[in-house]
$ cat model15.tsv   # TSV, C-alpha atoms (C1' of nucleotides)
chain	number	residue	atom	x	y	z
R	296	MET	CA	13.97	4.99	33.81
R	297	THR	CA	12.17	2.25	31.98
R	298	ALA	CA	15.28	1.17	30.11
R	299	ARG	CA	13.93	2.27	26.76
R	300	PRO	CA	15.43	-0.40	24.48
R	301	ALA	CA	15.57	1.85	21.44
R	302	ALA	CA	13.01	-0.41	19.82
R	303	GLN	CA	15.27	-1.70	17.12
R	304	PRO	CA	13.58	-3.76	14.44
R	305	PRO	CA	14.04	-7.50	14.79
R	306	GLU	CA	17.21	-8.76	13.18
R	307	ARG	CA	15.16	-10.88	10.80
R	308	LEU	CA	13.45	-7.80	9.44
R	309	ARG	CA	16.24	-5.26	9.62
R	310	ARG	CA	18.16	-6.53	6.66
R	311	LEU	CA	15.40	-8.30	4.84
R	312	PRO	CA	15.68	-6.94	1.30
R	313	SER	CA	12.00	-7.14	0.48
R	314	ARG	CA	11.14	-5.23	3.63
R	315	LEU	CA	13.79	-2.61	2.95
R	316	LEU	CA	12.31	-2.21	-0.48
R	317	THR	CA	8.68	-1.91	0.51
R	318	ARG	CA	9.32	0.37	3.45
R	319	THR	CA	11.52	2.71	1.49
R	320	ALA	CA	8.95	2.73	-1.27
R	321	ALA	CA	6.30	3.69	1.26
R	322	GLN	CA	8.40	6.57	2.53
R	323	VAL	CA	9.08	7.86	-0.94
R	324	GLN	CA	5.49	7.34	-1.97
R	325	ARG	CA	4.47	9.49	0.92
R	326	LEU	CA	6.68	12.32	-0.27
R	327	VAL	CA	5.29	11.98	-3.76
R	328	ALA	CA	1.74	12.13	-2.44
R	329	GLU	CA	2.54	15.32	-0.57
R	330	GLY	CA	4.17	16.78	-3.66
R	331	LEU	CA	1.18	15.95	-5.84
R	332	GLY	CA	-1.07	17.70	-3.37
R	333	GLU	CA	-4.65	17.46	-4.54
R	334	TYR	CA	-3.77	14.79	-7.14
R	335	ARG	CA	-3.12	11.08	-6.81
R	336	THR	CA	-0.43	9.13	-8.59
R	337	HIS	CA	-3.14	7.71	-10.84
R	338	HIS	CA	-4.08	11.19	-11.98
R	339	TYR	CA	-0.52	12.10	-12.83
R	340	ALA	CA	0.09	8.82	-14.61
R	341	LEU	CA	-3.00	9.16	-16.77
R	342	MET	CA	-2.32	12.77	-17.67
R	343	ALA	CA	1.23	11.86	-18.61
R	344	ALA	CA	-0.01	9.02	-20.77
R	345	ALA	CA	-2.67	11.18	-22.37
R	346	ALA	CA	-0.10	13.84	-23.18
R	347	GLU	CA	2.36	11.45	-24.74
R	348	LEU	CA	-0.02	9.11	-26.53
R	349	GLY	CA	-2.29	11.84	-27.80
R	350	PRO	CA	-5.96	10.93	-28.19
R	351	ALA	CA	-6.28	7.39	-26.92
R	352	SER	CA	-8.82	4.98	-25.55
R	353	GLN	CA	-9.13	4.38	-21.84
R	354	ALA	CA	-7.89	0.85	-22.38
R	355	ALA	CA	-4.74	2.13	-24.06
R	356	LEU	CA	-4.09	4.59	-21.27
R	357	GLY	CA	-4.66	1.98	-18.62
R	358	GLN	CA	-2.35	-0.46	-20.30
R	359	ALA	CA	0.33	2.17	-20.69
R	360	CYS	CA	0.12	3.05	-17.01
R	361	GLY	CA	-0.23	-0.50	-15.79
R	362	MET	CA	-3.56	0.35	-14.23
R	363	ASP	CA	-6.72	-1.66	-13.90
R	364	ARG	CA	-9.53	-0.51	-16.19
R	365	SER	CA	-11.84	0.22	-13.30
R	366	ASP	CA	-9.24	2.46	-11.70
R	367	VAL	CA	-8.85	4.27	-15.00
R	368	VAL	CA	-12.55	5.02	-15.01
R	369	ALA	CA	-12.49	6.45	-11.50
R	370	ALA	CA	-9.41	8.60	-12.11
R	371	LEU	CA	-10.76	9.91	-15.41
R	372	ASP	CA	-14.01	10.76	-13.68
R	373	ASP	CA	-12.02	12.99	-11.34
R	374	LEU	CA	-10.00	14.54	-14.15
R	375	THR	CA	-13.01	15.30	-16.31
R	376	ALA	CA	-14.80	16.79	-13.32
R	377	ARG	CA	-11.86	19.16	-12.97
R	378	GLY	CA	-11.91	19.92	-16.67
R	379	LEU	CA	-8.41	18.57	-17.25
R	380	VAL	CA	-9.43	15.88	-19.67
R	381	ARG	CA	-12.19	15.34	-22.23
R	382	ARG	CA	-13.90	12.03	-22.87
R	383	ALA	CA	-15.64	11.63	-26.20
R	384	PRO	CA	-17.05	8.50	-27.85
R	385	ASP	CA	-14.84	7.25	-30.66
R	386	PRO	CA	-16.86	7.34	-33.91
R	387	ALA	CA	-14.63	4.69	-35.45
R	388	ASP	CA	-15.25	2.25	-32.62
R	389	ARG	CA	-18.24	3.06	-30.51
R	390	ARG	CA	-17.05	0.89	-27.65
R	391	ARG	CA	-14.23	3.29	-26.99
R	392	ASN	CA	-13.91	6.66	-25.40
R	393	THR	CA	-11.30	8.93	-26.89
R	394	VAL	CA	-9.50	10.74	-24.13
R	395	VAL	CA	-7.68	14.00	-24.67
R	396	LEU	CA	-5.97	16.48	-22.38
R	397	THR	CA	-7.54	19.92	-22.28
R	398	GLY	CA	-5.55	23.13	-22.12
R	399	ASN	CA	-6.01	23.25	-18.40
R	400	GLY	CA	-4.98	19.62	-18.30
R	401	GLU	CA	-1.70	20.39	-20.03
R	402	ARG	CA	-1.02	23.25	-17.69
R	403	ALA	CA	-1.77	21.08	-14.69
R	404	LEU	CA	0.49	18.36	-16.03
R	405	HIS	CA	3.38	20.77	-16.44
R	406	GLU	CA	2.86	21.97	-12.91
R	407	LEU	CA	2.88	18.39	-11.66
R	408	ASP	CA	5.99	17.59	-13.68
R	409	ALA	CA	7.81	20.29	-11.77
R	410	ARG	CA	6.51	19.13	-8.42
R	411	VAL	CA	7.38	15.51	-9.15
R	412	GLN	CA	10.91	16.37	-10.20
R	413	GLU	CA	11.39	18.39	-7.07
R	414	VAL	CA	10.25	15.45	-4.97
R	415	GLN	CA	12.72	13.11	-6.66
R	416	GLN	CA	15.52	15.34	-5.47
R	417	ARG	CA	14.38	15.27	-1.89
R	418	ALA	CA	13.46	11.60	-1.92
R	419	PHE	CA	16.89	10.42	-3.01
R	420	SER	CA	18.95	13.22	-1.55
R	421	PRO	CA	21.20	10.86	0.44
R	422	LEU	CA	22.49	9.39	-2.82
R	423	THR	CA	24.95	10.84	-5.30
R	424	PRO	CA	23.82	11.13	-8.91
R	425	ASP	CA	25.87	8.04	-9.75
R	426	GLU	CA	24.28	6.10	-6.96
R	427	ARG	CA	20.84	7.17	-8.05
R	428	ALA	CA	21.58	5.85	-11.50
R	429	VAL	CA	22.77	2.55	-10.05
R	430	LEU	CA	19.67	2.29	-7.92
R	431	ALA	CA	17.42	3.03	-10.87
R	432	ASP	CA	19.22	0.43	-12.95
R	433	LEU	CA	18.98	-2.29	-10.32
R	434	LEU	CA	15.32	-1.57	-9.71
R	435	ALA	CA	14.59	-1.48	-13.41
R	436	ARG	CA	16.13	-4.92	-13.86
R	437	VAL	CA	14.17	-6.45	-11.01
R	438	ASN	CA	11.10	-4.69	-12.26
R	439	ARG	CA	11.52	-5.94	-15.81
R	440	HIS	CA	12.14	-9.47	-14.65
R	441	HIS	CA	8.82	-9.63	-12.84
R	442	ALA	CA	6.96	-7.63	-15.46
R	443	GLU	CA	7.85	-9.72	-18.48
R	444	ALA	CA	6.83	-12.87	-16.64
R	445	GLU	CA	3.43	-11.16	-16.78
S	953	MET	CA	-4.56	-5.22	-37.30
S	954	THR	CA	-5.10	-2.45	-34.78
S	955	ALA	CA	-1.43	-1.54	-34.72
S	956	ARG	CA	-0.97	-2.61	-31.13
S	957	PRO	CA	1.40	0.08	-29.93
S	958	ALA	CA	3.12	-2.15	-27.36
S	959	ALA	CA	1.57	0.08	-24.70
S	960	GLN	CA	4.86	1.40	-23.45
S	961	PRO	CA	4.66	3.49	-20.32
S	962	PRO	CA	4.89	7.23	-20.89
S	963	GLU	CA	8.44	8.48	-21.00
S	964	ARG	CA	7.80	10.62	-17.93
S	965	LEU	CA	6.96	7.56	-15.89
S	966	ARG	CA	9.32	5.03	-17.38
S	967	ARG	CA	12.44	6.31	-15.70
S	968	LEU	CA	10.89	8.11	-12.80
S	969	PRO	CA	12.84	6.77	-9.82
S	970	SER	CA	9.99	7.00	-7.35
S	971	ARG	CA	7.74	5.07	-9.69
S	972	LEU	CA	10.37	2.45	-10.37
S	973	LEU	CA	10.73	2.06	-6.65
S	974	THR	CA	7.08	1.77	-5.77
S	975	ARG	CA	6.22	-0.54	-8.64
S	976	THR	CA	9.11	-2.87	-7.98
S	977	ALA	CA	8.17	-2.88	-4.32
S	978	ALA	CA	4.64	-3.83	-5.26
S	979	GLN	CA	5.86	-6.72	-7.41
S	980	VAL	CA	8.13	-8.01	-4.69
S	981	GLN	CA	5.48	-7.50	-2.06
S	982	ARG	CA	3.21	-9.66	-4.12
S	983	LEU	CA	5.70	-12.48	-4.16
S	984	VAL	CA	6.15	-12.14	-0.43
S	985	ALA	CA	2.42	-12.31	0.12
S	986	GLU	CA	2.22	-15.48	-1.94
S	987	GLY	CA	5.12	-16.94	-0.01
S	988	LEU	CA	3.55	-16.12	3.33
S	989	GLY	CA	0.38	-17.85	2.23
S	990	GLU	CA	-2.20	-17.64	4.98
S	991	TYR	CA	-0.18	-14.99	6.84
S	992	ARG	CA	0.27	-11.25	6.29
S	993	THR	CA	3.47	-9.33	6.58
S	994	HIS	CA	2.17	-7.93	9.87
S	995	HIS	CA	1.90	-11.42	11.28
S	996	TYR	CA	5.41	-12.32	10.31
S	997	ALA	CA	6.83	-9.07	11.61
S	998	LEU	CA	5.14	-9.42	14.98
S	999	MET	CA	6.14	-13.03	15.39
S	1000	ALA	CA	9.72	-12.14	14.54
S	1001	ALA	CA	9.68	-9.30	17.05
S	1002	ALA	CA	8.11	-11.47	19.71
S	1003	ALA	CA	10.73	-14.15	19.16
S	1004	GLU	CA	13.65	-11.77	19.37
S	1005	LEU	CA	12.43	-9.45	22.09
S	1006	GLY	CA	11.05	-12.18	24.30
S	1007	PRO	CA	8.01	-11.31	26.41
S	1008	ALA	CA	7.13	-7.75	25.47
S	1009	SER	CA	4.24	-5.33	25.51
S	1010	GLN	CA	2.23	-4.68	22.38
S	1011	ALA	CA	3.56	-1.16	22.33
S	1012	ALA	CA	7.14	-2.45	22.28
S	1013	LEU	CA	6.37	-4.89	19.48
S	1014	GLY	CA	4.61	-2.25	17.46
S	1015	GLN	CA	7.45	0.19	17.85
S	1016	ALA	CA	9.99	-2.45	16.88
S	1017	CYS	CA	8.04	-3.28	13.75
S	1018	GLY	CA	7.14	0.29	12.88
S	1019	MET	CA	3.48	-0.57	13.07
S	1020	ASP	CA	0.56	1.43	14.30
S	1021	ARG	CA	-0.81	0.26	17.65
S	1022	SER	CA	-4.23	-0.45	16.24
S	1023	ASP	CA	-2.72	-2.67	13.57
S	1024	VAL	CA	-0.80	-4.52	16.25
S	1025	VAL	CA	-4.05	-5.28	18.02
S	1026	ALA	CA	-5.69	-6.65	14.92
S	1027	ALA	CA	-2.72	-8.81	13.93
S	1028	LEU	CA	-2.32	-10.17	17.46
S	1029	ASP	CA	-6.00	-11.01	17.49
S	1030	ASP	CA	-5.39	-13.20	14.47
S	1031	LEU	CA	-2.30	-14.80	15.95
S	1032	THR	CA	-3.89	-15.57	19.29
S	1033	ALA	CA	-6.90	-17.04	17.52
S	1034	ARG	CA	-4.49	-19.40	15.78
S	1035	GLY	CA	-2.78	-20.19	19.05
S	1036	LEU	CA	0.58	-18.87	17.90
S	1037	VAL	CA	0.86	-16.19	20.54
S	1038	ARG	CA	-0.35	-15.69	24.08
S	1039	ARG	CA	-1.51	-12.38	25.49
S	1040	ALA	CA	-1.45	-12.05	29.27
S	1041	PRO	CA	-1.88	-8.94	31.40
S	1042	ASP	CA	1.43	-7.77	32.84
S	1043	PRO	CA	1.18	-7.97	36.63
S	1044	ALA	CA	3.87	-5.32	37.01
S	1045	ASP	CA	1.97	-2.84	34.82
S	1046	ARG	CA	-1.66	-3.62	34.36
S	1047	ARG	CA	-1.95	-1.38	31.34
S	1048	ARG	CA	0.21	-3.73	29.34
S	1049	ASN	CA	-0.27	-7.09	27.76
S	1050	THR	CA	2.73	-9.35	27.83
S	1051	VAL	CA	2.98	-11.11	24.51
S	1052	VAL	CA	4.82	-14.39	24.10
S	1053	LEU	CA	5.19	-16.81	21.24
S	1054	THR	CA	3.76	-20.27	21.88
S	1055	GLY	CA	5.42	-23.46	20.79
S	1056	ASN	CA	3.23	-23.55	17.70
S	1057	GLY	CA	4.11	-19.92	17.16
S	1058	GLU	CA	7.82	-20.69	17.12
S	1059	ARG	CA	7.28	-23.53	14.71
S	1060	ALA	CA	5.20	-21.33	12.45
S	1061	LEU	CA	7.83	-18.62	12.58
S	1062	HIS	CA	10.56	-21.05	11.53
S	1063	GLU	CA	8.40	-22.21	8.68
S	1064	LEU	CA	7.82	-18.63	7.59
S	1065	ASP	CA	11.52	-17.82	7.89
S	1066	ALA	CA	12.19	-20.48	5.32
S	1067	ARG	CA	9.45	-19.31	3.00
S	1068	VAL	CA	10.58	-15.70	3.26
S	1069	GLN	CA	14.18	-16.56	2.49
S	1070	GLU	CA	13.10	-18.56	-0.49
S	1071	VAL	CA	11.09	-15.62	-1.77
S	1072	GLN	CA	14.07	-13.26	-1.45
S	1073	GLN	CA	15.95	-15.50	-3.84
S	1074	ARG	CA	13.24	-15.41	-6.44
S	1075	ALA	CA	12.44	-11.74	-5.96
S	1076	PHE	CA	15.97	-10.55	-6.65
S	1077	SER	CA	17.07	-13.35	-8.93
S	1078	PRO	CA	18.09	-10.99	-11.76
S	1079	LEU	CA	20.78	-9.52	-9.52
S	1080	THR	CA	24.14	-10.95	-8.53
S	1081	PRO	CA	24.89	-11.26	-4.81
S	1082	ASP	CA	27.07	-8.17	-5.06
S	1083	GLU	CA	24.34	-6.23	-6.74
S	1084	ARG	CA	21.84	-7.30	-4.13
S	1085	ALA	CA	24.16	-5.98	-1.47
S	1086	VAL	CA	24.49	-2.69	-3.30
S	1087	LEU	CA	20.75	-2.41	-3.68
S	1088	ALA	CA	20.20	-3.17	-0.01
S	1089	ASP	CA	22.78	-0.56	0.94
S	1090	LEU	CA	21.30	2.17	-1.23
S	1091	LEU	CA	17.80	1.43	-0.01
S	1092	ALA	CA	18.96	1.35	3.58
S	1093	ARG	CA	20.50	4.77	3.23
S	1094	VAL	CA	17.41	6.32	1.68
S	1095	ASN	CA	15.31	4.54	4.25
S	1096	ARG	CA	17.40	5.80	7.17
S	1097	HIS	CA	17.37	9.32	5.85
S	1098	HIS	CA	13.60	9.49	5.85
S	1099	ALA	CA	13.22	7.47	9.04
S	1100	GLU	CA	15.44	9.57	11.25
S	1101	ALA	CA	13.67	12.72	10.17
S	1102	GLU	CA	10.72	11.00	11.88
W	11	DA	C1'	-3.08	12.16	49.42
W	12	DG	C1'	-4.65	13.95	45.40
W	13	DC	C1'	-4.30	15.47	40.68
W	14	DC	C1'	-2.66	15.64	36.22
W	15	DG	C1'	-0.09	14.18	32.47
W	16	DA	C1'	1.52	10.28	29.99
W	17	DC	C1'	1.15	5.63	28.44
W	18	DT	C1'	-1.61	1.18	27.13
W	19	DA	C1'	-4.75	-1.40	24.65
W	20	DT	C1'	-8.81	-1.19	22.09
W	21	DT	C1'	-12.38	0.30	18.86
W	22	DG	C1'	-13.76	2.26	14.73
W	23	DG	C1'	-12.83	4.80	11.16
W	24	DC	C1'	-10.35	6.61	6.52
W	25	DA	C1'	-7.45	6.79	2.13
W	26	DG	C1'	-4.58	4.86	-1.48
W	27	DC	C1'	-3.31	1.32	-4.35
W	28	DA	C1'	-3.97	-3.02	-6.65
W	29	DC	C1'	-7.26	-6.31	-7.92
W	30	DC	C1'	-11.42	-9.07	-9.46
W	31	DA	C1'	-16.15	-10.34	-11.23
W	32	DA	C1'	-19.98	-9.29	-13.86
W	33	DC	C1'	-22.56	-6.69	-17.18
W	34	DG	C1'	-24.26	-4.55	-21.56
W	35	DA	C1'	-22.89	-2.59	-25.73
W	36	DA	C1'	-20.06	-3.03	-29.67
W	37	DT	C1'	-16.75	-5.16	-32.61
W	38	DT	C1'	-13.99	-8.78	-34.75
W	39	DC	C1'	-13.06	-13.55	-35.92
W	40	DG	C1'	-14.09	-18.09	-37.62
T	1371	DC	C1'	-24.21	-15.47	-38.95
T	1372	DG	C1'	-22.68	-16.88	-34.41
T	1373	DA	C1'	-18.99	-16.99	-31.07
T	1374	DA	C1'	-15.40	-14.91	-28.89
T	1375	DT	C1'	-13.35	-10.71	-27.63
T	1376	DT	C1'	-12.92	-5.88	-26.40
T	1377	DC	C1'	-14.48	-1.65	-24.00
T	1378	DG	C1'	-16.30	1.05	-20.45
T	1379	DT	C1'	-18.75	0.83	-16.22
T	1380	DT	C1'	-20.31	-0.64	-11.66
T	1381	DG	C1'	-19.54	-2.55	-7.44
T	1382	DG	C1'	-17.15	-4.92	-4.78
T	1383	DT	C1'	-12.30	-7.07	-1.93
T	1384	DG	C1'	-7.82	-6.99	0.56
T	1385	DC	C1'	-3.54	-5.10	2.27
T	1386	DT	C1'	-1.03	-1.38	4.14
T	1387	DG	C1'	-0.52	2.81	6.59
T	1388	DC	C1'	-2.77	6.08	9.11
T	1389	DC	C1'	-5.72	8.94	12.73
T	1390	DA	C1'	-9.04	9.99	16.66
T	1391	DA	C1'	-11.40	8.84	20.72
T	1392	DT	C1'	-11.88	6.14	24.94
T	1393	DA	C1'	-11.30	3.69	29.41
T	1394	DG	C1'	-8.00	1.98	32.36
T	1395	DT	C1'	-3.53	2.45	34.57
T	1396	DC	C1'	0.71	4.47	36.10
T	1397	DG	C1'	4.05	8.15	37.49
T	1398	DG	C1'	5.47	12.37	39.05
T	1399	DC	C1'	4.45	16.54	41.40
T	1400	DT	C1'	2.35	19.35	44.62
$ encode --input "model15.tsv" --output "structure tokens"
Amino acid sequence: MTARPAAQPPERLRRLPSRLLTRTAAQVQRLVAEGLGEYRTHHYALMAAAAELGPASQAALGQACGMDRSDVVAALDDLTARGLVRRAPDPADRRRNTVVLTGNGERALHELDARVQEVQQRAFSPLTPDERAVLADLLARVNRHHAEAE
Amino acid sequence: MTARPAAQPPERLRRLPSRLLTRTAAQVQRLVAEGLGEYRTHHYALMAAAAELGPASQAALGQACGMDRSDVVAALDDLTARGLVRRAPDPADRRRNTVVLTGNGERALHELDARVQEVQQRAFSPLTPDERAVLADLLARVNRHHAEAE
DNA sequence: AGCCGACTATTGGCAGCACCAACGAATTCG
DNA sequence: CGAATTCGTTGGTGCTGCCAATAGTCGGCT
């Protein structure tokens, strides 16, 4: 027997909050990716933004989703190729593209909504509803703190 | 005035736990990266593992850090190039490399320990010590749940 | 002794996410 | 009007987390 030492993480790392955070996020992100199947998080985010903002420019969608403009372009290319979104030049401002969800886009979004919700359940299943709320609150506060610093 | 709509994230995304988690992790990860300066998280993890495990094979280090073997190779390449780590073939098992931290490696690790600790303070500054403990506990439980499923 | 399976390090690749720089076209501001 | 800014687009970069294939080595089993 080679005295398998169980390969415990180094003490320094085991309780390091930032590591706990990033690793857990990676695990959850993995579940989300599986749940989204043929879509990426960018696709879901943009479709959600398009649905809630109505016709909007790519810049507006990107800002709403916290995405870089170039990533918006790439994701919208995918979505238009699948017929889930329409890009049309804005007559009022010819720099802009007006982006709208198609019927298929709305259907796809609803489907993804369901899948995403289902994943949330599995992702945080070790926590009670109260604990999930606490976690969300703590994360939101940390998140806000670093976000408003811009 | 173009009625700047504050660009709030879509409602679907704003409170989505998985998104809150991954985005906060990204923010914190960014701070960590800045704090580590010329090092990556992989470097720090491996040096920590090497320090705590003593002479160990790359496989053991990788397992301890939850890293892929190929990533271990790359990171150790960097560290040996900087003279922070020594790789020597294990005479007892010629498949293995025995990895040990050099004196400079230990000094660098101590330096990084300090930087990392300092970053933790800033990263979670909006939370009280109690809240940080709660957050760490909740994350640890979610983390364990997904880790032990392997 | 020989063979076969398992382990080790290494190479080379991929995908996702977050960024950044530069550009032309178009608009707004001073 | 001219300058500064905005918008979409292109074409990159880096970090992190993977996977597959390979050559060398070891261990157990026959």
$ residues_around --input "model15.tsv" --residues "DT1392 (chain T)" --least-positions-apart "3" --cutoff "12 Å" --atoms "all atoms listed in the file" --output "ChimeraX atom specification"
/W:18-22
$ axis_aligned_box --input "model15.tsv" --around "region 366-381 of chain R" --padding-each-side "3 Å" --output "JSON"
{"center_x": -11.6, "center_y": 11.2, "center_z": -16.8, "size_x": 12.4, "size_y": 23.5, "size_z": 16.9}
$ residues_around --input "model15.tsv" --residues "region 23-34 of chain W" --least-positions-apart "3" --cutoff "10 Å" --atoms "only C-alpha atoms (C1' of nucleotides)" --output "list in words"
Ala328, Arg335, Thr336, His337, Met362, Asp363, Ser365 and Asp366 of chain R; Ala978 of chain S; DG1378, DT1379, DT1380, DG1381, DG1382, DT1383, DG1384, DC1385, DT1386, DG1387, DC1388, DC1389 and DA1390 of chain T
$ atom_distance --input "model15.tsv" --atom1 "CA of Arg427 (chain R)" --atom2 "CA of Glu406 (chain R)"
23.8 Å
$ interface_residues --input "model15.tsv" --of "chain S" --to "chain R" --cutoff "7 Å" --atoms "all atoms listed in the file" --output "JSON, numbers by chain"
{"S": [959, 960, 961, 962, 964, 969, 970, 972, 973, 974, 976, 977, 979, 980, 981, 1000, 1001, 1004, 1012, 1015, 1016, 1017, 1072, 1076, 1078, 1087, 1088, 1090, 1091, 1092, 1093, 1094, 1095, 1097, 1098]}
$ interface_residues --input "model15.tsv" --of "chain S" --to "chain T" --cutoff "8 Å" --atoms "only C-alpha atoms (C1' of nucleotides)" --output "list in words"
Asp1020, Asp1045, Arg1046 and Arg1047 of chain S
$ write_last_selection --input "model15.tsv" --atoms "C-alpha atoms" --output "compact mmCIF listing (two decimals), in the coordinates of the input"
# COMPACT_ATOMS: atom_id res chain seq x y z
CA ASP S 1020 0.56 1.43 14.30
CA ASP S 1045 1.97 -2.84 34.82
CA ARG S 1046 -1.66 -3.62 34.36
CA ARG S 1047 -1.95 -1.38 31.34
$ atom_distance --input "model15.tsv" --atom1 "CA of Tyr991 (chain S)" --atom2 "CA of Asn1049 (chain S)"
22.4 Å
$ closest_residue --input "model15.tsv" --among "R:Gly330, R:Arg381, R:Arg391, R:Ala409" --to "chain W" --atoms "only C-alpha atoms (C1' of nucleotides)"
R:Arg391
$ atom_distance --input "model15.tsv" --atom1 "CA of Arg1021 (chain S)" --atom2 "C1' of DC17 (chain W)"
12.2 Å
$ decode --input "model15.tsv" --residues "region 1043-1060 of chain S" --atoms "C-alpha atoms" --output "PDB file, in the first residue's frame"
ATOM      1  CA  PRO S1043      15.239   7.370  -7.283  1.00  0.00           C
ATOM      2  CA  ALA S1044      12.696   5.112  -5.603  1.00  0.00           C
ATOM      3  CA  ASP S1045      10.219   5.473  -8.486  1.00  0.00           C
ATOM      4  CA  ARG S1046      11.713   6.733 -11.676  1.00  0.00           C
ATOM      5  CA  ARG S1047       8.346   7.702 -13.078  1.00  0.00           C
ATOM      6  CA  ARG S1048       8.041  10.473 -10.540  1.00  0.00           C
ATOM      7  CA  ASN S1049       9.602  13.840 -10.078  1.00  0.00           C
ATOM      8  CA  THR S1050      10.232  14.855  -6.520  1.00  0.00           C
ATOM      9  CA  VAL S1051       9.330  18.495  -6.131  1.00  0.00           C
ATOM     10  CA  VAL S1052      10.780  20.640  -3.374  1.00  0.00           C
ATOM     11  CA  LEU S1053      10.595  24.326  -2.592  1.00  0.00           C
ATOM     12  CA  THR S1054      13.918  26.150  -2.702  1.00  0.00           C
ATOM     13  CA  GLY S1055      14.942  28.793  -0.224  1.00  0.00           C
ATOM     14  CA  ASN S1056      13.831  31.483  -2.639  1.00  0.00           C
ATOM     15  CA  GLY S1057      10.625  29.544  -3.098  1.00  0.00           C
ATOM     16  CA  GLU S1058       9.900  29.626   0.619  1.00  0.00           C
ATOM     17  CA  ARG S1059      10.594  33.320   0.747  1.00  0.00           C
ATOM     18  CA  ALA S1060       8.338  33.935  -2.218  1.00  0.00           C
TER      19      ALA S1060
END
